[in-house]
$ cat final_14.cif   # mmCIF, C-alpha atoms and all ligand atoms
data_data
#
loop_
_atom_site.label_atom_id
_atom_site.label_comp_id
_atom_site.auth_asym_id
_atom_site.auth_seq_id
_atom_site.Cartn_x
_atom_site.Cartn_y
_atom_site.Cartn_z
CA MET A 307 -37.30 -216.23 97.37
CA LYS A 308 -38.36 -219.86 97.32
CA LEU A 309 -39.18 -221.44 100.66
CA PHE A 310 -38.14 -225.02 101.37
CA LEU A 311 -38.92 -227.05 104.48
CA ASP A 312 -35.85 -228.38 106.27
CA THR A 313 -37.37 -231.56 107.67
CA ALA A 314 -37.94 -235.23 106.88
CA ASN A 315 -41.05 -235.38 109.07
CA LEU A 316 -44.11 -236.29 106.99
CA ASP A 317 -46.64 -234.62 109.31
CA GLU A 318 -44.73 -231.34 109.14
CA LEU A 319 -44.45 -231.63 105.37
CA ARG A 320 -48.19 -232.31 104.98
CA ALA A 321 -49.01 -229.33 107.21
CA GLY A 322 -46.69 -227.03 105.23
CA ALA A 323 -47.81 -228.34 101.82
CA LYS A 324 -51.44 -227.54 102.72
CA TRP A 325 -50.61 -223.81 102.77
CA GLY A 326 -49.40 -223.99 99.17
CA ILE A 327 -46.19 -222.07 99.90
CA VAL A 328 -43.61 -224.85 100.15
CA ASP A 329 -41.42 -225.01 97.05
CA GLY A 330 -39.16 -227.90 98.05
CA VAL A 331 -37.55 -229.88 100.86
CA THR A 332 -34.07 -230.34 102.27
CA THR A 333 -33.04 -233.27 104.40
CA ASN A 334 -29.77 -234.37 105.93
CA PRO A 335 -28.64 -237.61 107.61
CA SER A 336 -29.56 -236.27 111.08
CA LEU A 337 -33.12 -235.38 109.95
CA ILE A 338 -33.56 -238.78 108.22
CA ALA A 339 -32.26 -240.61 111.32
CA LYS A 340 -34.85 -238.80 113.50
CA GLU A 341 -37.68 -240.38 111.47
CA GLY A 342 -36.30 -243.93 111.87
CA LYS A 343 -37.00 -245.17 108.32
CA PRO A 344 -34.42 -246.11 105.63
CA ILE A 345 -33.50 -243.09 103.51
CA LYS A 346 -34.93 -244.35 100.21
CA GLU A 347 -38.31 -245.10 101.79
CA GLN A 348 -38.47 -241.77 103.63
CA ILE A 349 -37.40 -239.73 100.59
CA ALA A 350 -39.96 -241.48 98.36
CA ALA A 351 -42.70 -240.64 100.88
CA ILE A 352 -41.54 -236.99 100.92
CA CYS A 353 -41.68 -236.87 97.10
CA ASP A 354 -45.34 -237.90 97.28
CA ILE A 355 -46.15 -234.89 99.50
CA VAL A 356 -44.14 -232.01 98.02
CA ASP A 357 -43.79 -231.42 94.29
CA GLY A 358 -40.45 -229.60 94.08
CA PRO A 359 -36.73 -230.19 94.55
CA ILE A 360 -36.09 -232.70 97.36
CA SER A 361 -32.51 -232.86 98.66
CA ALA A 362 -31.30 -236.31 99.73
CA GLU A 363 -27.79 -236.51 101.20
CA VAL A 364 -25.17 -239.19 100.62
CA VAL A 365 -23.44 -240.66 103.66
CA ALA A 366 -20.32 -241.90 101.83
CA VAL A 367 -17.22 -239.71 102.18
CA GLU A 368 -15.13 -241.08 99.33
CA ALA A 369 -15.83 -239.72 95.82
CA LYS A 370 -16.41 -243.03 94.04
CA ALA A 371 -18.85 -244.21 96.71
CA MET A 372 -20.56 -240.80 96.80
CA ILE A 373 -21.11 -240.94 93.05
CA ALA A 374 -22.57 -244.45 93.24
CA GLU A 375 -24.82 -243.45 96.16
CA GLY A 376 -25.83 -240.25 94.39
CA ARG A 377 -26.87 -242.19 91.28
CA GLU A 378 -29.02 -244.49 93.43
CA LEU A 379 -30.68 -241.58 95.25
CA ALA A 380 -31.37 -239.81 91.95
CA LYS A 381 -33.30 -242.87 90.74
CA ILE A 382 -35.90 -242.50 93.52
CA HIS A 383 -37.74 -239.62 91.82
CA LYS A 384 -37.21 -236.98 89.14
CA ASN A 385 -37.26 -234.24 91.81
CA ILE A 386 -34.27 -235.57 93.75
CA ILE A 387 -31.30 -233.28 94.28
CA VAL A 388 -28.27 -235.24 95.50
CA LYS A 389 -26.65 -233.55 98.48
CA VAL A 390 -22.91 -233.87 99.10
CA PRO A 391 -20.71 -232.27 101.75
CA LEU A 392 -18.20 -229.59 100.82
CA ILE A 393 -15.05 -231.69 101.10
CA ARG A 394 -12.58 -232.56 98.34
CA ASP A 395 -14.32 -235.83 97.52
CA GLY A 396 -17.69 -234.07 97.62
CA ILE A 397 -16.55 -231.54 95.00
CA GLU A 398 -15.19 -234.38 92.85
CA ALA A 399 -18.54 -236.19 93.16
CA CYS A 400 -20.42 -232.95 92.39
CA SER A 401 -18.43 -232.46 89.18
CA ALA A 402 -19.03 -236.04 88.05
CA LEU A 403 -22.74 -236.18 88.94
CA SER A 404 -23.42 -232.74 87.42
CA LYS A 405 -21.81 -233.84 84.16
CA GLU A 406 -24.24 -236.78 84.11
CA GLY A 407 -27.17 -234.37 84.48
CA ILE A 408 -27.80 -235.19 88.15
CA ARG A 409 -28.49 -232.03 90.15
CA VAL A 410 -26.31 -231.56 93.23
CA ASN A 411 -26.72 -229.52 96.43
CA VAL A 412 -23.33 -228.87 98.02
CA THR A 413 -23.84 -228.60 101.76
CA LEU A 414 -21.90 -227.62 104.89
CA CYS A 415 -20.61 -224.46 103.22
CA PHE A 416 -18.99 -222.02 105.65
CA SER A 417 -16.85 -219.78 103.43
CA PRO A 418 -17.16 -217.88 100.13
CA ALA A 419 -14.08 -219.68 98.81
CA GLN A 420 -15.82 -223.02 99.36
CA ALA A 421 -18.88 -221.68 97.53
CA LEU A 422 -16.71 -220.72 94.55
CA LEU A 423 -15.46 -224.31 94.32
CA ALA A 424 -19.02 -225.66 94.39
CA ALA A 425 -20.12 -223.34 91.58
CA LYS A 426 -17.13 -224.34 89.47
CA ALA A 427 -18.04 -227.99 90.05
CA GLY A 428 -21.49 -227.32 88.56
CA ALA A 429 -23.51 -227.41 91.78
CA TYR A 430 -27.23 -226.77 91.34
CA PHE A 431 -27.52 -225.45 94.92
CA ILE A 432 -24.96 -224.21 97.43
CA SER A 433 -26.01 -224.40 101.08
CA PRO A 434 -24.34 -221.83 103.37
CA PHE A 435 -25.18 -222.55 107.04
CA VAL A 436 -26.12 -219.23 108.62
CA GLY A 437 -27.08 -220.25 112.17
CA ARG A 438 -24.07 -222.46 112.73
CA LEU A 439 -21.76 -219.51 111.90
CA ASP A 440 -23.75 -217.30 114.30
CA ASP A 441 -23.23 -220.06 116.89
CA ILE A 442 -19.47 -219.52 116.79
CA GLY A 443 -19.68 -215.73 116.95
CA ALA A 444 -19.47 -214.97 113.22
CA THR A 445 -22.16 -213.15 111.19
CA GLY A 446 -23.62 -216.02 109.18
CA MET A 447 -25.61 -213.76 106.87
CA ASP A 448 -22.41 -212.07 105.60
CA LEU A 449 -21.58 -215.40 103.98
CA VAL A 450 -24.87 -215.41 102.05
CA ARG A 451 -24.24 -211.82 100.90
CA GLN A 452 -20.70 -212.67 99.76
CA ILE A 453 -21.76 -215.77 97.83
CA VAL A 454 -24.59 -213.91 96.08
CA ALA A 455 -22.12 -211.18 95.03
CA ILE A 456 -19.50 -213.65 93.79
CA TYR A 457 -22.01 -215.68 91.80
CA GLU A 458 -23.44 -212.49 90.25
CA ASN A 459 -19.94 -211.30 89.26
CA TYR A 460 -19.43 -214.40 87.14
CA ASP A 461 -22.99 -215.33 86.17
CA PHE A 462 -22.73 -218.69 87.91
CA GLU A 463 -26.04 -220.53 87.66
CA THR A 464 -25.68 -222.20 91.06
CA GLN A 465 -28.57 -221.12 93.30
CA VAL A 466 -27.88 -219.92 96.83
CA LEU A 467 -29.90 -221.93 99.34
CA ALA A 468 -29.64 -220.26 102.75
CA ALA A 469 -29.68 -223.04 105.37
CA SER A 470 -29.51 -223.28 109.13
CA LEU A 471 -32.06 -220.45 109.38
CA ARG A 472 -33.25 -220.31 112.98
CA GLY A 473 -35.92 -217.58 113.07
CA PRO A 474 -38.00 -215.05 111.11
CA LEU A 475 -35.22 -212.43 111.05
CA HIS A 476 -32.88 -214.91 109.37
CA VAL A 477 -35.52 -215.48 106.69
CA VAL A 478 -36.02 -211.77 106.05
CA GLU A 479 -32.27 -211.09 106.00
CA ALA A 480 -31.65 -214.00 103.62
CA SER A 481 -34.24 -212.62 101.21
CA LEU A 482 -32.74 -209.12 101.45
CA ALA A 483 -29.31 -210.64 100.78
CA GLY A 484 -30.66 -212.13 97.54
CA ALA A 485 -30.65 -215.83 98.46
CA HIS A 486 -32.64 -217.74 95.85
CA ILE A 487 -34.01 -220.12 98.47
CA GLY A 488 -34.34 -220.28 102.23
CA THR A 489 -34.79 -223.65 103.90
CA LEU A 490 -36.69 -223.52 107.18
CA PRO A 491 -37.53 -225.91 109.99
CA PHE A 492 -41.32 -226.20 110.28
CA LYS A 493 -41.46 -224.09 113.44
CA VAL A 494 -39.65 -221.24 111.70
CA LEU A 495 -42.02 -221.37 108.70
CA ASP A 496 -44.97 -221.40 111.10
CA SER A 497 -43.59 -218.41 113.03
CA LEU A 498 -43.58 -216.26 109.86
CA PHE A 499 -47.38 -216.01 110.11
CA ASN A 500 -47.40 -214.38 113.52
CA HIS A 501 -48.09 -210.73 114.21
CA PRO A 502 -49.98 -209.44 117.29
CA LEU A 503 -51.63 -206.67 115.24
CA THR A 504 -53.08 -209.26 112.85
CA ASP A 505 -54.68 -211.08 115.80
CA LYS A 506 -55.84 -207.85 117.44
CA GLY A 507 -57.28 -206.50 114.17
CA LEU A 508 -59.13 -209.71 113.36
CA ASP A 509 -60.53 -209.88 116.88
CA GLN A 510 -61.87 -206.32 116.55
CA PHE A 511 -63.38 -206.93 113.07
CA LEU A 512 -65.28 -209.95 114.34
CA LYS A 513 -66.43 -208.20 117.53
CA ASP A 514 -67.77 -205.22 115.53
CA TYR A 515 -69.53 -207.46 113.04
CA ASN A 516 -71.12 -209.68 115.63
CA LYS A 517 -72.22 -206.67 117.71
CA ALA A 518 -74.01 -205.21 114.69
CA PHE A 519 -75.63 -208.34 113.37
CA SER A 520 -76.01 -210.91 116.14
CA LYS A 521 -79.53 -211.34 117.49
CA LYS A 522 -80.14 -209.32 120.63
O1 LIG B 601 -30.24 -228.91 106.79
C1 LIG B 601 -29.12 -228.26 107.24
C2 LIG B 601 -29.32 -227.06 108.14
O2 LIG B 601 -30.42 -226.31 107.76
C3 LIG B 601 -29.18 -227.37 109.59
O3 LIG B 601 -29.62 -226.35 110.44
O4 LIG B 601 -30.16 -225.50 112.70
O5 LIG B 601 -29.06 -227.76 112.45
O6 LIG B 601 -27.79 -225.67 112.03
P1 LIG B 601 -29.13 -226.32 111.98
#

$ encode --input "final_14.cif" --output "structure tokens" --more "lines below"
Ligand code: G3P
Amino acid sequence: MKLFLDTANLDELRAGAKWGIVDGVTTNPSLIAKEGKPIKEQIAAICDIVDGPISAEVVAVEAKAMIAEGRELAKIHKNIIVKVPLIRDGIEACSALSKEGIRVNVTLCFSPAQALLAAKAGAYFISPFVGRLDDIGATGMDLVRQIVAIYENYDFETQVLAASLRGPLHVVEASLAGAHIGTLPFKVLDSLFNHPLTDKGLDQFLKDYNKAFSKK
């Protein structure tokens, strides 16, 4: 499974990129707004840090305007994936942009039927939101499992990008469910490293070594 960072924060992206395990980046209007810079400027800076697919979301909600905005975003860098919401106009924009060769991430997906529409519209990525379904008492990961099964049934090329992942268990479950990509906030990526037995074992190794070889 590929791991993307779900952030527009440059410090977090630099820290993640240093580990050599970040395959791409997803952003959304809320994440861009948090950084306080115009979207084109922020996305260009992100493209300089991570060499992989970088999702940049349109803010228009009408198809014609979404298509125009998507074309502009795609010009920023060859790695840009234009993100559109899963509404009627978003699916129309996805179809049009995909036909032009612009890769599209269809976001705010909460049902397998919606995911089917995105695949038929030629989406490059579909983004089911796991945590937000959990928030309303549903089992978000079931959605990922259903989409993976549907896409496999019909050999759709759309990749399943599990989003709204809130902790390590979500990441493991998404990979078991067959998601192609998981996008993680920095703190979730960082938490994947942690295990008390790793710390305990390393502590013991170093104690033993130093006891044997340090000057008395
Ligand atoms: O980028 C979209 C998604 O990952 C948002 O996650 O935690 O705000 O539901 P969350």

$ closest_residue --input "final_14.cif" --among "A:Pro391, A:Gly488, A:Gly330, A:Gly437" --to "ligand LIG 601 (chain B)" --atoms "only C-alpha atoms and all ligand atoms"
A:Gly437

$ residues_around --input "final_14.cif" --residues "Ala350 in chain A" --least-positions-apart "3" --cutoff "10 Å" --atoms "all atoms listed in the file" --output "number ranges by chain"
A: 345-347, 353-355, 360, 379, 382-383, 386

$ closest_residue --input "final_14.cif" --among "A:Arg451, A:Lys517, A:Arg409, A:Lys340" --to "Ala483 in chain A" --atoms "only C-alpha atoms"
A:Arg451

$ closest_residue --input "final_14.cif" --among "A:Thr489, A:Ser404, A:Thr445, A:Gln452" --to "ligand LIG 601 (chain B)" --atoms "all atoms listed in the file"
A:Thr489

$ residues_around --input "final_14.cif" --residues "Phe499 in chain A" --least-positions-apart "5" --cutoff "10 Å" --atoms "only C-alpha atoms" --output "PyMOL selection string"
chain A and resi 474+494+504

$ atom_distance --input "final_14.cif" --atom1 "CA of Pro344 in chain A" --atom2 "CA of Ala369 in chain A"
22.0 Å
